[in-house]
file query.txt (compact mmCIF, C-alpha atoms)
# COMPACT_ATOMS: atom_id res chain seq x y z
CA MET A 220 -0.04 19.37 18.95
CA THR A 221 0.80 16.17 20.69
CA TYR A 222 0.53 13.73 17.80
CA LEU A 223 3.62 13.51 15.62
CA SER A 224 3.91 11.19 12.63
CA HIS A 225 7.42 10.49 11.38
CA ALA A 226 6.06 8.69 8.31
CA ASP A 227 4.72 11.63 6.30
CA LEU A 228 7.57 11.79 3.79
CA GLY A 229 5.93 13.05 0.58
CA GLY A 230 7.86 15.96 -0.95
CA LYS A 231 10.55 16.05 1.74
CA ASP A 232 14.00 16.87 0.38
CA GLY A 233 17.33 15.30 1.17
CA HIS A 234 16.60 11.58 1.12
CA GLY A 235 18.77 10.91 -1.91
CA ALA A 236 18.37 8.58 -4.87
CA VAL A 237 16.29 5.42 -5.01
CA THR A 238 18.22 2.15 -5.04
CA PRO A 239 16.38 -0.30 -7.30
CA GLU A 240 16.61 -4.01 -6.60
CA PRO A 241 16.01 -7.06 -8.77
CA GLU A 242 12.58 -8.63 -8.75
CA GLY A 243 12.27 -11.46 -6.25
CA GLU A 244 14.50 -9.71 -3.70
CA LEU A 245 11.98 -9.82 -0.84
CA PHE A 246 13.94 -10.39 2.35
CA HIS A 247 17.47 -9.57 3.43
CA ALA A 248 17.63 -11.83 6.50
CA ASP A 249 15.76 -14.82 7.87
CA TRP A 250 14.26 -12.85 10.73
CA GLU A 251 12.50 -10.56 8.23
CA ARG A 252 10.42 -13.54 7.05
CA MET A 253 9.46 -14.22 10.66
CA ALA A 254 8.72 -10.52 11.27
CA LEU A 255 6.25 -10.59 8.38
CA ALA A 256 4.59 -13.80 9.53
CA VAL A 257 4.20 -12.94 13.24
CA THR A 258 2.89 -9.49 12.36
CA LEU A 259 0.25 -10.91 10.00
CA ALA A 260 -0.66 -13.70 12.42
CA MET A 261 -1.08 -11.29 15.34
CA GLY A 262 -3.08 -8.92 13.14
CA ALA A 263 -5.41 -11.84 12.44
CA THR A 264 -6.25 -12.13 16.15
CA GLY A 265 -8.45 -9.05 15.66
CA THR A 266 -7.02 -7.25 18.70
CA TRP A 267 -6.26 -4.11 16.66
CA ASN A 268 -7.01 -2.88 13.16
CA ILE A 269 -4.64 -1.82 10.37
CA ASP A 270 -5.18 1.88 11.05
CA GLU A 271 -4.19 1.51 14.69
CA SER A 272 -1.09 -0.44 13.68
CA ARG A 273 -0.10 2.27 11.18
CA SER A 274 -0.60 4.88 13.87
CA VAL A 275 1.60 3.00 16.33
CA ARG A 276 4.36 2.55 13.76
CA GLU A 277 4.41 6.12 12.48
CA THR A 278 4.72 7.56 15.99
CA LEU A 279 7.73 5.44 17.03
CA SER A 280 10.33 8.02 18.05
CA ASP A 281 13.16 6.27 16.20
CA TYR A 282 11.09 5.67 13.03
CA GLU A 283 13.71 7.18 10.74
CA LEU A 284 16.47 4.93 12.07
CA LEU A 285 14.62 1.64 11.61
CA THR A 286 14.56 -0.62 8.59
CA TYR A 287 11.14 -1.63 7.41
CA TYR A 288 10.81 -4.93 9.22
CA GLN A 289 12.49 -3.49 12.33
CA LEU A 290 9.65 -0.99 12.27
CA TRP A 291 7.12 -3.80 12.01
CA ILE A 292 8.62 -5.66 14.98
CA LYS A 293 8.91 -2.55 17.12
CA GLY A 294 5.35 -1.59 16.19
CA LEU A 295 4.12 -5.09 16.99
CA ILE A 296 5.74 -5.04 20.42
CA ALA A 297 4.18 -1.65 21.14
CA LEU A 298 0.76 -3.03 20.18
CA LEU A 299 1.24 -6.17 22.29
CA LYS A 300 2.10 -4.06 25.32
CA LYS A 301 -0.68 -1.56 24.69
CA HIS A 302 -3.24 -4.36 24.59
CA ASP A 303 -1.71 -6.23 27.55
CA LEU A 304 -1.03 -9.36 25.52
CA VAL A 305 2.67 -9.47 26.34
CA ALA A 306 4.65 -7.67 29.04
CA ALA A 307 8.09 -6.07 28.70
CA ASP A 308 9.72 -8.61 31.03
CA GLU A 309 8.48 -11.46 28.84
CA ILE A 310 10.04 -9.94 25.74
CA ALA A 311 13.33 -9.44 27.60
CA ALA A 312 13.26 -13.00 28.96
CA GLY A 313 12.07 -14.57 25.72
CA THR A 314 9.57 -16.68 27.63
CA MET A 315 6.06 -16.47 29.02
CA LEU A 316 5.98 -15.14 32.61
CA HIS A 317 2.33 -14.09 32.96
CA PRO A 318 -0.93 -15.82 32.01
CA ALA A 319 -2.14 -15.36 28.45
CA ARG A 320 -5.16 -13.18 27.77
CA ALA A 321 -7.99 -14.29 25.55
CA VAL A 322 -7.81 -13.15 21.91
CA LYS A 323 -10.78 -13.12 19.53
CA ARG A 324 -9.30 -15.76 17.24
CA VAL A 325 -6.10 -17.59 16.45
CA LEU A 326 -5.16 -18.00 12.79
CA ARG A 327 -4.69 -21.71 12.06
CA ALA A 328 -2.52 -22.92 9.20
CA ALA A 329 -5.48 -24.43 7.36
CA ASP A 330 -7.34 -21.11 7.47
CA VAL A 331 -4.54 -18.91 6.09
CA PRO A 332 -5.53 -19.08 2.38
CA ALA A 333 -9.16 -18.21 3.15
CA ALA A 334 -8.18 -15.40 5.53
CA LEU A 335 -5.84 -13.82 2.96
CA ALA A 336 -8.40 -14.24 0.17
CA LYS A 337 -11.02 -12.48 2.26
CA GLY A 338 -8.84 -9.58 3.39
CA ALA A 339 -10.48 -6.70 5.21
CA PRO A 340 -12.66 -4.73 2.79
CA THR A 341 -13.34 -1.14 3.92
CA LEU A 342 -16.27 -0.35 1.59
CA ARG A 343 -19.51 0.20 3.56
CA SER A 344 -23.08 0.86 2.56
CA THR A 345 -24.35 4.30 3.46
CA HIS A 346 -27.57 6.30 3.43
CA SER A 347 -25.69 9.58 3.18
CA ARG A 348 -25.29 11.27 -0.18
CA ALA A 349 -21.89 12.13 -1.58
CA ARG A 350 -21.17 15.82 -1.12
CA PHE A 351 -18.94 15.99 -4.20
CA ALA A 352 -19.15 14.70 -7.77
CA VAL A 353 -16.52 14.02 -10.41
CA GLY A 354 -15.21 17.31 -11.76
CA ASP A 355 -15.92 19.35 -8.60
CA HIS A 356 -13.18 21.65 -7.41
CA VAL A 357 -12.27 21.17 -3.78
CA MET A 358 -9.89 22.56 -1.18
CA THR A 359 -8.17 20.22 1.25
CA ARG A 360 -8.08 20.85 5.00
CA ALA A 361 -5.27 23.24 5.86
CA LEU A 362 -4.63 22.31 9.47
CA ALA A 363 -2.64 19.32 10.65
CA ALA A 364 -4.68 16.76 12.60
CA ASP A 365 -3.77 15.96 16.19
CA HIS A 366 -4.17 12.23 15.56
CA HIS A 367 -3.49 9.61 12.88
CA THR A 368 -4.70 10.88 9.51
CA ARG A 369 -4.23 10.00 5.86
CA LEU A 370 -4.07 13.51 4.44
CA PRO A 371 -0.36 14.00 3.67
CA ALA A 372 1.20 17.31 4.71
CA TYR A 373 2.12 18.21 1.12
CA ALA A 374 -1.56 18.05 0.13
CA ARG A 375 -2.92 20.21 2.96
CA GLY A 376 -4.62 23.48 2.00
CA LYS A 377 -4.38 22.70 -1.71
CA LYS A 378 -6.88 23.06 -4.51
CA GLY A 379 -7.73 19.91 -6.44
CA ARG A 380 -10.41 18.29 -8.55
CA ILE A 381 -12.50 15.21 -7.83
CA ALA A 382 -11.54 12.49 -10.33
CA HIS A 383 -13.29 9.43 -8.86
CA VAL A 384 -15.94 8.72 -6.24
CA TYR A 385 -15.19 5.42 -4.48
CA GLY A 386 -18.17 4.94 -2.17
CA ALA A 387 -18.18 5.10 1.64
CA HIS A 388 -15.16 3.62 3.40
CA VAL A 389 -14.06 2.99 6.97
CA PHE A 390 -12.59 6.31 8.14
CA ALA A 391 -8.94 5.76 9.04
CA ASP A 392 -8.77 8.74 11.43
CA THR A 393 -11.44 7.45 13.84
CA HIS A 394 -10.75 3.77 13.25
CA SER A 395 -7.12 4.22 14.30
CA GLN A 396 -8.17 5.84 17.57
CA GLY A 397 -10.63 3.16 18.61
CA LEU A 398 -13.55 5.47 17.80
CA GLY A 399 -15.18 3.11 15.33
CA GLU A 400 -15.48 2.85 11.59
CA GLN A 401 -17.59 6.01 11.01
CA PRO A 402 -17.61 5.45 7.20
CA GLN A 403 -17.29 8.49 4.97
CA TRP A 404 -17.35 9.02 1.22
CA LEU A 405 -13.92 8.53 -0.30
CA TYR A 406 -12.70 10.44 -3.36
CA ASN A 407 -9.71 10.45 -5.62
CA VAL A 408 -8.55 14.08 -5.76
CA VAL A 409 -6.10 15.28 -8.42
CA PHE A 410 -3.72 18.20 -7.97
CA THR A 411 -1.51 19.79 -10.58
CA ALA A 412 2.19 19.58 -9.76
CA ARG A 413 2.23 23.39 -9.92
CA GLU A 414 -0.42 23.66 -7.19
CA LEU A 415 1.61 21.41 -4.90
CA TRP A 416 5.17 22.45 -5.66
CA GLY A 417 4.96 25.84 -7.35
CA GLU A 418 6.75 27.22 -10.38
CA GLY A 419 9.67 25.28 -11.78
CA CYS A 420 8.21 21.82 -11.36
CA ASP A 421 7.18 19.54 -14.20
CA ALA A 422 4.06 21.37 -15.38
CA THR A 423 2.61 18.37 -17.18
CA SER A 424 2.46 16.06 -14.18
CA THR A 425 -0.26 15.57 -11.59
CA VAL A 426 -0.46 13.91 -8.19
CA SER A 427 -3.60 12.36 -6.76
CA ILE A 428 -4.53 11.22 -3.29
CA ASP A 429 -7.54 9.32 -1.97
CA ALA A 430 -9.31 11.62 0.47
CA TRP A 431 -12.22 11.13 2.83
CA GLU A 432 -15.02 13.68 2.63
CA SER A 433 -14.13 15.49 5.87
CA TYR A 434 -10.69 16.33 4.45
CA LEU A 435 -12.40 18.42 1.76
CA GLU A 436 -14.36 21.66 1.35
CA PRO A 437 -15.80 23.13 -1.85
CA ALA A 438 -13.16 25.32 -3.49
CA PRO A 439 -13.98 29.03 -3.12
CA MET B 226 17.53 -8.98 15.56
CA GLU B 227 17.38 -12.68 14.69
CA LEU B 228 17.36 -13.65 18.39
CA HIS B 229 15.01 -10.84 19.32
CA VAL B 230 12.36 -11.94 16.80
CA ARG B 231 12.84 -15.59 17.72
CA ALA B 232 12.25 -14.75 21.39
CA LEU B 233 9.13 -12.77 20.55
CA ARG B 234 7.78 -15.63 18.47
CA THR B 235 8.41 -18.05 21.35
CA VAL B 236 6.42 -15.90 23.79
CA LEU B 237 3.53 -15.56 21.33
CA GLU B 238 3.48 -19.33 20.76
CA GLN B 239 3.63 -20.12 24.48
CA LYS B 240 0.70 -17.80 25.05
CA GLY B 241 -1.29 -19.52 22.33
CA TYR B 242 -1.77 -16.37 20.23
CA ILE B 243 -0.18 -17.84 17.13
CA ASP B 244 -0.09 -21.23 15.43
CA PRO B 245 3.52 -21.90 14.33
CA ALA B 246 2.28 -23.87 11.32
CA ALA B 247 0.33 -20.80 10.18
CA LEU B 248 3.56 -18.78 10.15
CA ASP B 249 5.11 -21.26 7.70
CA VAL B 250 2.06 -21.07 5.44
CA LEU B 251 2.13 -17.25 5.50
CA ILE B 252 5.81 -17.12 4.53
CA ASP B 253 5.41 -19.76 1.82
CA THR B 254 2.40 -17.94 0.37
CA TYR B 255 4.26 -14.68 -0.17
CA GLU B 256 7.52 -16.31 -1.22
CA THR B 257 6.15 -18.77 -3.74
CA LYS B 258 2.45 -18.20 -4.50
CA ILE B 259 1.53 -14.52 -4.50
CA GLY B 260 3.87 -12.32 -6.55
CA PRO B 261 4.14 -10.10 -9.64
CA ARG B 262 3.45 -13.06 -11.94
CA ASN B 263 -0.21 -12.64 -10.93
CA GLY B 264 -0.29 -9.04 -12.08
CA ALA B 265 1.59 -9.94 -15.25
CA ARG B 266 -1.19 -12.39 -16.16
CA VAL B 267 -3.77 -9.64 -15.66
CA VAL B 268 -1.81 -7.27 -17.93
CA ALA B 269 -1.20 -9.88 -20.63
CA LYS B 270 -4.90 -10.70 -20.69
CA ALA B 271 -5.80 -7.02 -20.97
CA TRP B 272 -3.38 -6.70 -23.90
CA THR B 273 -4.95 -9.58 -25.83
CA ASP B 274 -8.61 -9.69 -24.83
CA ASP B 275 -10.49 -6.50 -25.57
CA ALA B 276 -13.57 -7.40 -23.55
CA TYR B 277 -11.37 -8.17 -20.54
CA ARG B 278 -9.47 -4.92 -21.04
CA LYS B 279 -12.72 -2.92 -20.92
CA TRP B 280 -13.84 -4.80 -17.81
CA LEU B 281 -10.47 -4.19 -16.14
CA PHE B 282 -10.73 -0.43 -16.65
CA THR B 283 -14.34 -0.24 -15.45
CA ASP B 284 -14.29 -2.74 -12.57
CA ALA B 285 -10.75 -3.84 -11.82
CA THR B 286 -11.70 -5.55 -8.56
CA ALA B 287 -14.05 -7.97 -10.34
CA ALA B 288 -11.89 -8.41 -13.44
CA ILE B 289 -8.78 -9.22 -11.38
CA SER B 290 -10.74 -11.43 -9.00
CA SER B 291 -12.00 -13.47 -11.97
CA LEU B 292 -8.41 -14.69 -12.40
CA GLY B 293 -8.28 -15.72 -8.75
CA TYR B 294 -6.43 -12.70 -7.32
CA HIS B 295 -8.16 -10.88 -4.50
CA GLY B 296 -8.14 -10.24 -0.77
CA ARG B 297 -5.63 -8.80 1.65
CA GLN B 298 -4.27 -5.42 0.46
CA GLY B 299 -6.18 -5.68 -2.81
CA GLU B 300 -9.76 -5.51 -1.55
CA MET B 301 -10.61 -2.65 -3.93
CA MET B 302 -8.58 -2.42 -7.13
CA VAL B 303 -8.30 0.24 -9.84
CA ALA B 304 -6.32 -0.32 -13.05
CA LEU B 305 -4.38 2.56 -14.64
CA GLU B 306 -3.58 2.57 -18.35
CA ASN B 307 -0.27 3.83 -19.66
CA THR B 308 -0.53 5.33 -23.15
CA GLU B 309 1.58 7.36 -25.60
CA SER B 310 0.73 10.50 -23.64
CA ILE B 311 0.15 9.32 -20.05
CA HIS B 312 2.45 7.46 -17.68
CA ASN B 313 1.12 6.38 -14.28
CA LEU B 314 3.32 5.93 -11.21
CA VAL B 315 2.17 4.52 -7.86
CA VAL B 316 3.60 5.40 -4.43
CA CYS B 317 2.55 5.35 -0.78
CA THR B 318 4.14 8.40 0.86
CA LEU B 319 2.61 7.66 4.29
CA CYS B 320 3.59 4.00 4.70
CA SER B 321 3.91 1.19 2.16
CA CYS B 322 0.46 0.44 0.73
CA TYR B 323 0.83 -1.89 -2.25
CA PRO B 324 -1.47 -4.25 -4.19
CA TRP B 325 -0.41 -7.56 -2.62
CA PRO B 326 -2.71 -9.99 -4.49
CA VAL B 327 -1.28 -8.94 -7.87
CA LEU B 328 2.29 -7.89 -6.97
CA GLY B 329 3.11 -9.75 -3.75
CA LEU B 330 5.21 -8.02 -1.11
CA PRO B 331 6.58 -4.56 -1.87
CA PRO B 332 10.29 -4.29 -2.69
CA THR B 333 12.59 -2.56 -0.21
CA TRP B 334 13.01 0.57 -2.32
CA TYR B 335 9.23 1.04 -2.49
CA LYS B 336 9.15 1.29 1.32
CA SER B 337 12.23 3.52 1.50
CA ALA B 338 12.38 7.25 2.26
CA PRO B 339 14.01 8.20 -1.08
CA PHE B 340 11.15 6.75 -3.13
CA ARG B 341 8.34 7.86 -0.84
CA SER B 342 9.62 11.42 -0.54
CA ARG B 343 10.54 12.07 -4.18
CA ALA B 344 7.96 10.19 -6.25
CA VAL B 345 5.33 12.89 -5.73
CA LYS B 346 7.64 15.89 -6.19
CA ASP B 347 10.16 14.71 -8.77
CA PRO B 348 8.69 11.71 -10.60
CA ARG B 349 10.98 12.13 -13.62
CA GLY B 350 13.99 12.10 -11.32
CA VAL B 351 12.76 8.89 -9.69
CA LEU B 352 12.21 7.32 -13.11
CA ALA B 353 15.78 8.28 -14.01
CA ASP B 354 17.00 6.34 -10.95
CA PHE B 355 15.41 3.31 -12.62
CA GLY B 356 16.98 4.16 -15.99
CA VAL B 357 13.67 5.24 -17.47
CA GLN B 358 13.47 8.42 -19.52
CA LEU B 359 10.16 9.53 -20.99
CA PRO B 360 9.63 12.19 -23.66
CA GLY B 361 8.60 15.59 -22.30
CA SER B 362 5.28 15.17 -24.12
CA VAL B 363 4.29 12.35 -21.75
CA SER B 364 2.49 13.62 -18.70
CA ILE B 365 3.12 11.73 -15.49
CA ARG B 366 0.27 10.91 -13.16
CA VAL B 367 1.39 9.99 -9.67
CA TRP B 368 -1.05 8.11 -7.45
CA ASP B 369 -0.40 8.36 -3.70
CA LEU B 370 -2.13 5.44 -1.95
CA THR B 371 -3.56 7.25 1.05
CA ALA B 372 -6.61 5.01 1.65
CA GLU B 373 -7.42 1.34 0.97
CA VAL B 374 -7.83 1.56 -2.81
CA ARG B 375 -4.98 -0.25 -4.56
CA TYR B 376 -3.76 0.63 -8.05
CA LEU B 377 -2.27 -1.59 -10.75
CA VAL B 378 -0.45 0.09 -13.63
CA VAL B 379 -1.05 -1.54 -17.01
CA PRO B 380 2.11 -0.75 -18.98
CA LYS B 381 2.11 -0.08 -22.71
CA ARG B 382 2.31 -3.22 -24.80
CA PRO B 383 5.77 -3.28 -26.35
CA LYS B 384 6.26 -2.98 -30.09
CA GLY B 385 7.00 -6.25 -31.85
CA SER B 386 4.90 -8.32 -29.44
CA GLU B 387 1.89 -8.64 -31.73
CA ARG B 388 2.29 -12.36 -32.42
CA LEU B 389 3.13 -13.51 -28.91
CA SER B 390 0.81 -15.72 -26.86
CA GLU B 391 -0.70 -14.44 -23.62
CA GLU B 392 1.76 -16.59 -21.65
CA ARG B 393 4.79 -15.18 -23.52
CA LEU B 394 3.43 -11.65 -23.16
CA ALA B 395 3.23 -12.11 -19.39
CA ASP B 396 7.00 -12.75 -19.43
CA LEU B 397 7.49 -9.18 -20.65
CA VAL B 398 5.56 -7.63 -17.76
CA THR B 399 7.93 -6.73 -14.95
CA ARG B 400 6.99 -5.87 -11.39
CA ASP B 401 8.39 -2.35 -11.84
CA SER B 402 6.31 -1.82 -14.99
CA MET B 403 3.16 -2.44 -12.92
CA ILE B 404 4.27 0.12 -10.29
CA GLY B 405 5.22 2.61 -12.99
CA THR B 406 8.96 2.75 -12.27
CA GLY B 407 9.66 0.63 -15.33
CA LEU B 408 8.37 -0.27 -18.78
CA ALA B 409 7.40 -3.65 -20.15
CA LYS B 410 10.35 -5.51 -21.66
CA ALA B 411 10.87 -5.58 -25.41
CA PRO B 412 10.37 -9.05 -26.89
CA VAL B 413 13.50 -10.94 -27.92
CA PRO B 414 13.38 -10.98 -31.72
call {"tool": "encode", "arguments": {"input": "query.txt", "output": "structure tokens"}}
result
Amino acid sequence: MTYLSHADLGGKDGHGAVTPEPEGELFHADWERMALAVTLAMGATGTWNIDESRSVRETLSDYELLTYYQLWIKGLIALLKKHDLVAADEIAAGTMLHPARAVKRVLRAADVPAALAKGAPTLRSTHSRARFAVGDHVMTRALAADHHTRLPAYARGKKGRIAHVYGAHVFADTHSQGLGEQPQWLYNVVFTARELWGEGCDATSTVSIDAWESYLEPAP
Amino acid sequence: MELHVRALRTVLEQKGYIDPAALDVLIDTYETKIGPRNGARVVAKAWTDDAYRKWLFTDATAAISSLGYHGRQGEMMVALENTESIHNLVVCTLCSCYPWPVLGLPPTWYKSAPFRSRAVKDPRGVLADFGVQLPGSVSIRVWDLTAEVRYLVVPKRPKGSERLSEERLADLVTRDSMIGTGLAKAPVP
């Protein structure tokens, strides 16, 4: 295993209580506003996709030490370097030292509302038939993937039931690695709390994930 | 951090990758235009308009879009109904997926390790952190946002709100009630 995500937190103990905050509390410093804006604006250049950016963030070695927008900035810098848009000496100097490279597009102020309204839908048409139907019992993949994936560790090797079929969607695992969209059927899969956490948990509760078809096998 | 981000922004501007005016529009959009008031309008409409409510629970993407809310981080929407026996709670254990067009930017706690780690394993404990206690007869359904589908919780309409207008009802719908960490507010008698 060479790929290690530090972001897969579901079910991990020892993180303490949640600290609620009043509604409207969005930023805790001015630079966080800027971190949001530059990240979205650079995303709009089309140099990388959201799955690649998630992959870069979750593999930052100091992930657990960073606040959310620190993570965004550190992830953005890693992406800029990876795609040769900015060099390390430029970030240190705070000024351009090397010629710019061409990007697919630059988000202009006038185009922001339309770009946000459009988003980046992942639903794709497909000729393949869905392998599973609502009500089917399935087993999730047991092994960890050696790349970015969206099957959380707590839901690996677990028995669940298909609750919804969502059509074919861009497959995050390949998309994040630059291997293309390779759309697959996407399902909502429900697990009982007992299946995930064993005896002693709240027996009435359930947890569901959205899982691509290749994460699933028919339950034996 | 302030200087670090400022320096990065300068380099990106000098290289022509970003339009500084676009940054201002992006910030203004999420600070003043797109926030939980959008979702509250969806919920209030579902509480008062039965045809809309049915549409919302069969095709949330279209029903929500009809009110003008769609796009980035809400491309495919599903609405979840809280009832006397079911309480829905939304989390993203892997990162911070959140329905931006209806709720705006996620709060800090939503992106934090305590919430992401515990919501799936101990949802009642997480609700207690928010001061919410549900009867044991209510089953909790936790939705972990692991793909690009985004979920909006439709909280239970509070008792005593029967005569309120849609606009006044929307005032009762908190951000947390649409994530599932809270309940809709009781109307002031």
call {"tool": "closest_residue", "arguments": {"input": "query.txt", "among": "B:Ala344, B:Leu251, B:Leu237, B:Ala246", "to": "Ala334 (chain A)", "atoms": "only C-alpha atoms"}}
result
B:Leu251
call {"tool": "closest_residue", "arguments": {"input": "query.txt", "among": "A:Trp431, A:Tyr282, A:Tyr373, A:Trp291", "to": "Ser224 (chain A)", "atoms": "all atoms listed in the file"}}
result
A:Tyr282
call {"tool": "residues_around", "arguments": {"input": "query.txt", "residues": "region 413-424 of chain A", "least_positions_apart": "6", "cutoff": "6 Å", "atoms": "all atoms listed in the file", "output": "PDB file with C-alpha atoms, in the coordinates of the input"}}
result
ATOM      1  CA  SER B 364       2.490  13.620 -18.700  1.00  0.00           C
ATOM      2  CA  ILE B 365       3.120  11.730 -15.490  1.00  0.00           C
ATOM      3  CA  ARG B 366       0.270  10.910 -13.160  1.00  0.00           C
TER       4      ARG B 366
END
call {"tool": "closest_residue", "arguments": {"input": "query.txt", "among": "A:Arg252, A:Lys293, A:Lys323, A:Arg380", "to": "Val408 (chain A)", "atoms": "only C-alpha atoms"}}
result
A:Arg380
call {"tool": "closest_residue", "arguments": {"input": "query.txt", "among": "A:Gly229, A:Glu400, A:Lys300, A:Glu436", "to": "Val367 (chain B)", "atoms": "all atoms listed in the file"}}
result
A:Gly229
call {"tool": "atom_distance", "arguments": {"input": "query.txt", "atom1": "CA of Gly265 (chain A)", "atom2": "CA of Tyr222 (chain A)"}}
result
24.6 Å
call {"tool": "closest_residue", "arguments": {"input": "query.txt", "among": "B:Met301, B:Val379, B:Ile259, B:Leu359", "to": "chain A", "atoms": "only C-alpha atoms"}}
result
B:Met301
call {"tool": "closest_residue", "arguments": {"input": "query.txt", "among": "A:Gly376, A:Gly313, A:Pro439, A:Gly294", "to": "chain B", "atoms": "all atoms listed in the file"}}
result
A:Gly313
call {"tool": "axis_aligned_box", "arguments": {"input": "query.txt", "around": "region 375-381 of chain A", "padding_each_side": "8 Å", "output": "lines of an AutoDock Vina configuration file"}}
result
center_x = -7.7
center_y = 19.3
center_z = -2.8
size_x = 25.6
size_y = 24.3
size_z = 27.5
call {"tool": "atom_distance", "arguments": {"input": "query.txt", "atom1": "CA of Trp267 (chain A)", "atom2": "CA of Asp253 (chain B)"}}
result
24.5 Å
call {"tool": "residues_near_point", "arguments": {"input": "query.txt", "point": "(15.2, -15.7, 12.6)", "cutoff": "9 Å", "atoms": "all atoms listed in the file", "output": "ChimeraX atom specification"}}
result
/A:248-254 /B:226-231
call {"tool": "atom_distance", "arguments": {"input": "query.txt", "atom1": "CA of Phe410 (chain A)", "atom2": "CA of Lys381 (chain B)"}}
result
24.2 Å
call {"tool": "interface_residues", "arguments": {"input": "query.txt", "of": "chain A", "to": "chain B", "cutoff": "7 Å", "atoms": "only C-alpha atoms", "output": "MDAnalysis selection string"}}
result
chainID A and resid 226:231 234:239 242 244:245 250 252 254 256:257 260:261 310 313:315 319 325:328 331 335:340 369 423:429
call {"tool": "residues_around", "arguments": {"input": "query.txt", "residues": "region 272-277 of chain B", "least_positions_apart": "6", "cutoff": "8 Å", "atoms": "only C-alpha atoms", "output": "list in words"}}
result
Ala288, Arg382 and Glu391 of chain B
call {"tool": "residues_near_point", "arguments": {"input": "query.txt", "point": "(-0.5, -5.7, 14.5)", "cutoff": "6 Å", "atoms": "all atoms listed in the file", "output": "ChimeraX atom specification"}}
result
/A:258,261-262,272,295
call {"tool": "residues_around", "arguments": {"input": "query.txt", "residues": "Asp270 (chain A)", "least_positions_apart": "4", "cutoff": "7 Å", "atoms": "all atoms listed in the file", "output": "PDB file with C-alpha atoms, keeping the file's coordinate frame"}}
result
ATOM      1  CA  SER A 274      -0.600   4.880  13.870  1.00  0.00           C
ATOM      2  CA  ALA A 391      -8.940   5.760   9.040  1.00  0.00           C
ATOM      3  CA  HIS A 394     -10.750   3.770  13.250  1.00  0.00           C
ATOM      4  CA  SER A 395      -7.120   4.220  14.300  1.00  0.00           C
TER       5      SER A 395
END
